[in-house]
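For reference, the structure discussed in these notes is given below.
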Amino acid sequence: MPLDLTFRQQAAMLAANEMTASALVEAALERIARRDGALKSIVHLSETALAEAERLDLMAPEDRPPFAGLVFGVKDIIDVAGQPTRCGSHAHNEMPAEDAAVVATLRRTGMIPVAKLATYEYALTGPAYDQPNPPARNPWNTNHITGGSSSGSAAAVAGGLMRVALGTDTGGSVRAPAAYCGVVGLKPTRGLVPDRGCFPLSRSLDVVGPIGASVDDVAFVLERLIPGFAPVAPRQDIAGLVIGYARDWFADDPHTDAAVLSALDDAAGRLSMLGARINLVDLPDYQPLEDAATVILQAKALAVHKEGLGRNYEAYGVDARRNLLTGALLTDEHVAAAQSVAAGFRLRVDEALQTCAALLTPTTLGPAPAFTDFRDGPVWTPMRTMPFNMSGHPAISLPCGLGDTGLPLGAQLVGGFGQERMLIRIAGALELVSLPLICPVPAENNDLSHREPAEI
């Protein structure tokens, strides 16, 4: 059906009057009604989306925005006018009068925000069951998490409810859910996409980015979000490009699933078959980098929430409170030392990118954990994402096969500042020669109340 076509294909059908905005929105609402009861990805369904589409259909063709009717979802820490922003927390309930900058930009092209999507509380930690809604579930296996904190965004896209959803990424929160759910997630260069209207976690690390069903869907949205971002032609040749494979950065880590190492070696091989030259590159030891990024995140997050905790402490979830209060143990000296590590890592990545078009790493070191792993509270999930928030470099995650449990794995490509087009070029080439991942259709369930705690 048209909803399963890429955004670019849907846009072509709209331009040729082969489909109406109302038809697209109706298709999305119908699929949401059938599927999202199992996924729990949606926390608020737009009450005006269909009326917006009907209004667009009534406009004269020459006045109608070019992408009238393309639907997208929005992580519930990003404002949508007239839809509640709850940030996944009982401590937050606002009704914004204005769209966030990214939502406003897409809306001007005729695109319609059809739903607000689940997030971990204030994008901090999860999954947890003391929040307004139960956590989103992985469409590949609803007994497994989607990753955080753009959990609903990845679940909605992987479950076929929409082609694209907006998320935010402070330590991997676009890329890790994309990897766990077998879709594509891009963290742009820090500062390239405006974050006005997004509730902050740690401003020096936060980035707004799209999660899409394909590399081209992500590219299509970036072409709207980033001024002057030229379209990337499909099926571009990557012959002659040098790609640095940071194999030693994860291969000997005891947390690395054997399937991840095999999948990344295979991805490097496929890139080589396309004519790229694969060079092994060294990056600094991982754990000190994640430790430093965590210090920066925790210190800045506490500063954001200090007033709210003092005013409304009991409304915060238990895990969110614990997470935030660790920031109180950090001194200015801790933060300065972490920022020094960040500066050093940024230089190392820049140095590697002087001779490489991009770096190849895994996104996560294994497939999505089960909800039962979190029975006693938050657990650490091994990833390779957070240092690139600290350095500010753009990074994209795309599917690179399935693990032994039948759950998706993700490969990550990292590029130079402002080099999103290069990342999309390489990721698109790799996507074309990779086996497509076909997510099982989620169990259909008409329950959209999302009020009862899910059992684990």
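Simple scheme: letters A, B, ... for chains in structure tokens order, numbers from 1 for residues in each chain, numbers from 1 for ligands in the order shown.
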Could you give me, as JSON lines, a per-residue list for stretch 149-203 of chain A showing, wherever an atom lies at most 10 Å from an atom of stretch 293-312 of chain A, the closest pair of atoms and their distance in Å to one decimal, using only C-alpha atoms and sorting by chain then residue number from low to high?
{"residue": "A:Thr170", "atom": "CA", "partner": "A:Leu297", "partner_atom": "CA", "distance": 7.9}
{"residue": "A:Gly171", "atom": "CA", "partner": "A:Ala293", "partner_atom": "CA", "distance": 8.0}
{"residue": "A:Phe199", "atom": "CA", "partner": "A:Val304", "partner_atom": "CA", "distance": 9.4}
{"residue": "A:Pro200", "atom": "CA", "partner": "A:Val304", "partner_atom": "CA", "distance": 7.3}
{"residue": "A:Leu201", "atom": "CA", "partner": "A:Ala301", "partner_atom": "CA", "distance": 5.2}
{"residue": "A:Ser202", "atom": "CA", "partner": "A:Lys300", "partner_atom": "CA", "distance": 5.0}
{"residue": "A:Arg203", "atom": "CA", "partner": "A:Lys300", "partner_atom": "CA", "distance": 7.3}
Could you take the residues named above and write them with N, CA and C atoms, as an mmCIF file, in the first residue's frame?
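Below is the file that was written, out39.cif:
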data_model
loop_
_atom_site.group_PDB
_atom_site.id
_atom_site.type_symbol
_atom_site.label_atom_id
_atom_site.label_comp_id
_atom_site.auth_asym_id
_atom_site.auth_seq_id
_atom_site.Cartn_x
_atom_site.Cartn_y
_atom_site.Cartn_z
ATOM 1 N N THR A 170 21.163 12.037 22.589
ATOM 2 C CA THR A 170 22.105 12.643 23.523
ATOM 3 C C THR A 170 23.267 11.704 23.832
ATOM 4 N N GLY A 171 23.011 10.408 23.727
ATOM 5 C CA GLY A 171 24.067 9.422 23.933
ATOM 6 C C GLY A 171 23.922 8.240 23.007
ATOM 7 N N PHE A 199 12.608 19.658 24.657
ATOM 8 C CA PHE A 199 13.011 19.727 26.056
ATOM 9 C C PHE A 199 14.418 19.154 26.173
ATOM 10 N N PRO A 200 15.349 19.900 26.787
ATOM 11 C CA PRO A 200 16.749 19.477 26.784
ATOM 12 C C PRO A 200 17.032 18.367 27.792
ATOM 13 N N LEU A 201 18.045 17.579 27.486
ATOM 14 C CA LEU A 201 18.639 16.655 28.455
ATOM 15 C C LEU A 201 20.010 17.174 28.847
ATOM 16 N N SER A 202 20.866 17.347 27.843
ATOM 17 C CA SER A 202 22.191 17.923 28.063
ATOM 18 C C SER A 202 22.535 18.707 26.801
ATOM 19 N N ARG A 203 22.412 20.021 26.872
ATOM 20 C CA ARG A 203 22.426 20.834 25.653
ATOM 21 C C ARG A 203 23.693 20.680 24.829
#
I need the residues in stretch 275-429 of chain A that are helix (DSSP H, G or I) according to DSSP; give them as number ranges by chain. A: 286-315, 318-329, 332-353, 371-374, 386-391, 420-429
Near A:Ala230, counting only C-alpha atoms, which residues have an atom at most 10 Å away, once you skip same-chain residues fewer than 5 positions from it, shown as a list in words?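 After dropping sequence-adjacent residues, the list is Ala219, Phe220, Leu222, Glu223, Arg224 and Arg421 of chain A.
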For the interface of stretch 100-163 of chain A with stretch 422-445 of chain A (cut-off 12 Å, counting only C-alpha atoms), please tabulate each contacting residue of stretch 100-163 of chain A alongside its nearest pair of atoms and their separation in Å to one decimal, rows sorted by chain and increasing number, as a Markdown table.
| residue | atom | partner | partner_atom | distance |
| --- | --- | --- | --- | --- |
| A:Arg137 | CA | A:Pro442 | CA | 10.0 |
| A:Asn138 | CA | A:Pro442 | CA | 9.1 |
| A:Pro139 | CA | A:Pro442 | CA | 5.7 |
| A:Trp140 | CA | A:Cys439 | CA | 5.8 |
| A:Asn141 | CA | A:Pro442 | CA | 8.4 |
| A:Thr142 | CA | A:Pro442 | CA | 8.3 |
| A:Asn143 | CA | A:Pro442 | CA | 11.9 |
| A:Ala155 | CA | A:Pro442 | CA | 10.3 |
| A:Ala156 | CA | A:Pro442 | CA | 10.6 |
| A:Val157 | CA | A:Cys439 | CA | 10.4 |
| A:Ala158 | CA | A:Cys439 | CA | 6.9 |
| A:Gly159 | CA | A:Pro442 | CA | 6.5 |
| A:Gly160 | CA | A:Val441 | CA | 8.2 |
| A:Leu161 | CA | A:Pro442 | CA | 10.4 |
Requested write-out: N, CA and C atoms of the selected residues, as a PDB file, in the first residue's frame:
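File written: selection_10.pdb
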ATOM      1  N   ARG A 137       7.356  -1.271  22.688  1.00  0.00           N
ATOM      2  CA  ARG A 137       7.850  -2.626  22.521  1.00  0.00           C
ATOM      3  C   ARG A 137       8.416  -2.829  21.113  1.00  0.00           C
ATOM      4  N   ASN A 138       9.373  -3.730  21.031  1.00  0.00           N
ATOM      5  CA  ASN A 138      10.079  -3.967  19.774  1.00  0.00           C
ATOM      6  C   ASN A 138       9.200  -4.762  18.816  1.00  0.00           C
ATOM      7  N   PRO A 139       8.925  -4.244  17.625  1.00  0.00           N
ATOM      8  CA  PRO A 139       8.055  -4.966  16.686  1.00  0.00           C
ATOM      9  C   PRO A 139       8.585  -6.335  16.278  1.00  0.00           C
ATOM     10  N   TRP A 140       9.892  -6.533  16.354  1.00  0.00           N
ATOM     11  CA  TRP A 140      10.450  -7.836  15.990  1.00  0.00           C
ATOM     12  C   TRP A 140      10.120  -8.900  17.033  1.00  0.00           C
ATOM     13  N   ASN A 141      10.008  -8.480  18.265  1.00  0.00           N
ATOM     14  CA  ASN A 141       9.652  -9.378  19.365  1.00  0.00           C
ATOM     15  C   ASN A 141       9.237  -8.487  20.519  1.00  0.00           C
ATOM     16  N   THR A 142       7.949  -8.461  20.811  1.00  0.00           N
ATOM     17  CA  THR A 142       7.445  -7.496  21.785  1.00  0.00           C
ATOM     18  C   THR A 142       7.864  -7.818  23.214  1.00  0.00           C
ATOM     19  N   ASN A 143       8.573  -8.913  23.417  1.00  0.00           N
ATOM     20  CA  ASN A 143       9.162  -9.184  24.728  1.00  0.00           C
ATOM     21  C   ASN A 143      10.501  -8.466  24.907  1.00  0.00           C
ATOM     22  N   ALA A 155       9.990   2.149  17.270  1.00  0.00           N
ATOM     23  CA  ALA A 155       8.945   1.126  17.217  1.00  0.00           C
ATOM     24  C   ALA A 155       7.899   1.458  16.158  1.00  0.00           C
ATOM     25  N   ALA A 156       7.508   2.731  16.074  1.00  0.00           N
ATOM     26  CA  ALA A 156       6.481   3.137  15.114  1.00  0.00           C
ATOM     27  C   ALA A 156       6.951   2.951  13.677  1.00  0.00           C
ATOM     28  N   VAL A 157       8.202   3.288  13.410  1.00  0.00           N
ATOM     29  CA  VAL A 157       8.733   3.135  12.053  1.00  0.00           C
ATOM     30  C   VAL A 157       8.922   1.656  11.713  1.00  0.00           C
ATOM     31  N   ALA A 158       9.514   0.897  12.624  1.00  0.00           N
ATOM     32  CA  ALA A 158       9.740  -0.527  12.358  1.00  0.00           C
ATOM     33  C   ALA A 158       8.419  -1.280  12.238  1.00  0.00           C
ATOM     34  N   GLY A 159       7.410  -0.830  12.987  1.00  0.00           N
ATOM     35  CA  GLY A 159       6.111  -1.482  12.919  1.00  0.00           C
ATOM     36  C   GLY A 159       5.267  -1.065  11.730  1.00  0.00           C
ATOM     37  N   GLY A 160       5.792  -0.170  10.887  1.00  0.00           N
ATOM     38  CA  GLY A 160       5.083   0.234   9.677  1.00  0.00           C
ATOM     39  C   GLY A 160       3.979   1.233   9.892  1.00  0.00           C
ATOM     40  N   LEU A 161       3.955   1.904  11.056  1.00  0.00           N
ATOM     41  CA  LEU A 161       2.909   2.892  11.309  1.00  0.00           C
ATOM     42  C   LEU A 161       3.161   4.182  10.544  1.00  0.00           C
TER      43      LEU A 161
END
Between A:Gln419, A:Gln236, A:Gln339, A:Asn323, single out the one closest to A:Ala395, counting only C-alpha atoms.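 Ranking A:Gln419, A:Gln236, A:Gln339, A:Asn323 by distance to A:Ala395, first place goes to A:Gln419.
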Selected residue of minimal separation from A:Ser89 among A:Met386, A:Leu117, A:Leu106, A:Ala315, counting only C-alpha atoms: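 Between A:Met386, A:Leu117, A:Leu106, A:Ala315, the residue approaching A:Ser89 most closely is A:Ala315.
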DSSP strand (DSSP E or B) residues within stretch 279-398 of chain A, as a list in words: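 For stretch 279-398 of chain A, the strand (DSSP E or B) set is Asn279, Leu280, Ala358, Leu359, Leu360, Thr361, Pro362, Thr364, Ala370, Met383, Ala395, Ile396, Ser397 and Leu398 of chain A.
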Residue neighbourhood A:Ser272, 10 Å, only C-alpha atoms, exclusion window fewer than 6 positions, as an MDAnalysis selection string: chainID A and resid 238:243 266 278
Filtering to C-alpha atoms, could you give me those residues as a PDB file, in the first residue's frame?
ATOM      1  CA  ILE A 238      31.448   4.719  -3.721  1.00  0.00           C
ATOM      2  CA  ALA A 239      34.396   3.225  -5.575  1.00  0.00           C
ATOM      3  CA  GLY A 240      37.668   4.762  -4.432  1.00  0.00           C
ATOM      4  CA  LEU A 241      36.362   6.030  -1.089  1.00  0.00           C
ATOM      5  CA  VAL A 242      38.423   5.082   1.938  1.00  0.00           C
ATOM      6  CA  ILE A 243      36.437   3.819   4.931  1.00  0.00           C
ATOM      7  CA  ASP A 266      30.459  -8.667   6.415  1.00  0.00           C
ATOM      8  CA  ILE A 278      38.813  -0.529   3.887  1.00  0.00           C
TER       9      ILE A 278
END
Closest of A:Gly228, A:Ala233, A:Thr146, A:Glu314 to A:Gly126 - atom-to-atom distances counting only C-alpha atoms: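 Among the listed residues, A:Thr146 lies closest to A:Gly126.
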Ranking A:Lys116, A:Arg31, A:His144, A:Arg108 by minimum distance to A:Gly406 and counting only C-alpha atoms, which one comes first?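 Looking only at the distances to A:Gly406, the closest residue turns out to be A:His144.
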Give the answer as one residue: which of A:Ile77, A:Ile226, A:Leu192, A:Val318 has the shortest atom-to-atom distance to A:Asn93, using only C-alpha atoms?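 Once distances to A:Asn93 are computed over only C-alpha atoms, the minimum belongs to A:Ile77.
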Determine the nearest neighbour of A:Phe417 from the options A:Pro84, A:Gly275, A:Pro369, A:Gly191, counting only C-alpha atoms.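 Selected residue with least distance to A:Phe417: A:Gly191.
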Residues at most 7 Å from A:Val114, counting only C-alpha atoms, excluding those fewer than 6 positions away in the same chain, as a count of residues only? 6
Hey, can you check how far atom CA of A:Ala23 sits from atom CA of A:Val183?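 Pair atom CA of A:Ala23 / atom CA of A:Val183 returns 24.8 Å.
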What's the 8 Å shell around A:Gly185, counting only C-alpha atoms, without same-chain residues fewer than 2 positions away, as a list in words?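 Neighbouring residues, sequence-local ones excluded: Val174, Arg175, Ala178, Ala179, Val183, Lys187, Gly209, Pro210, Ile211, Gly212, Val218, Ile396, Ser397 and Leu398 of chain A.
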Based on the selection just made, write N, CA and C atoms of those residues as an mmCIF file, in the first residue's frame.
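Writing the result to part.cif gives the following:
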data_model
loop_
_atom_site.group_PDB
_atom_site.id
_atom_site.type_symbol
_atom_site.label_atom_id
_atom_site.label_comp_id
_atom_site.auth_asym_id
_atom_site.auth_seq_id
_atom_site.Cartn_x
_atom_site.Cartn_y
_atom_site.Cartn_z
ATOM 1 N N VAL A 174 18.836 8.093 19.107
ATOM 2 C CA VAL A 174 18.276 7.859 17.781
ATOM 3 C C VAL A 174 18.871 6.581 17.200
ATOM 4 N N ARG A 175 20.175 6.440 17.331
ATOM 5 C CA ARG A 175 20.879 5.340 16.656
ATOM 6 C C ARG A 175 20.649 3.983 17.309
ATOM 7 N N ALA A 178 17.185 2.632 16.561
ATOM 8 C CA ALA A 178 17.156 2.257 15.142
ATOM 9 C C ALA A 178 17.828 0.906 14.938
ATOM 10 N N ALA A 179 18.972 0.701 15.590
ATOM 11 C CA ALA A 179 19.686 -0.574 15.456
ATOM 12 C C ALA A 179 18.860 -1.719 16.023
ATOM 13 N N VAL A 183 15.867 -0.398 11.700
ATOM 14 C CA VAL A 183 15.586 0.734 10.815
ATOM 15 C C VAL A 183 16.810 1.651 10.785
ATOM 16 N N LYS A 187 22.063 10.819 13.487
ATOM 17 C CA LYS A 187 22.376 11.942 14.367
ATOM 18 C C LYS A 187 23.188 12.941 13.553
ATOM 19 N N GLY A 209 17.247 14.286 15.380
ATOM 20 C CA GLY A 209 17.520 13.543 14.159
ATOM 21 C C GLY A 209 16.369 12.648 13.769
ATOM 22 N N PRO A 210 16.313 12.218 12.500
ATOM 23 C CA PRO A 210 15.223 11.374 12.014
ATOM 24 C C PRO A 210 15.534 9.886 12.133
ATOM 25 N N ILE A 211 14.480 9.119 12.368
ATOM 26 C CA ILE A 211 14.513 7.668 12.241
ATOM 27 C C ILE A 211 13.610 7.315 11.070
ATOM 28 N N GLY A 212 14.121 6.534 10.127
ATOM 29 C CA GLY A 212 13.360 6.238 8.921
ATOM 30 C C GLY A 212 13.401 4.769 8.554
ATOM 31 N N VAL A 218 15.371 8.894 5.440
ATOM 32 C CA VAL A 218 16.139 9.795 6.302
ATOM 33 C C VAL A 218 16.701 10.952 5.480
ATOM 34 N N ILE A 396 25.345 7.721 11.426
ATOM 35 C CA ILE A 396 24.117 7.072 10.970
ATOM 36 C C ILE A 396 24.184 5.597 11.311
ATOM 37 N N SER A 397 23.071 5.048 11.769
ATOM 38 C CA SER A 397 22.959 3.608 12.009
ATOM 39 C C SER A 397 22.035 3.014 10.971
ATOM 40 N N LEU A 398 22.416 1.875 10.417
ATOM 41 C CA LEU A 398 21.557 1.177 9.476
ATOM 42 C C LEU A 398 21.634 -0.315 9.750
#
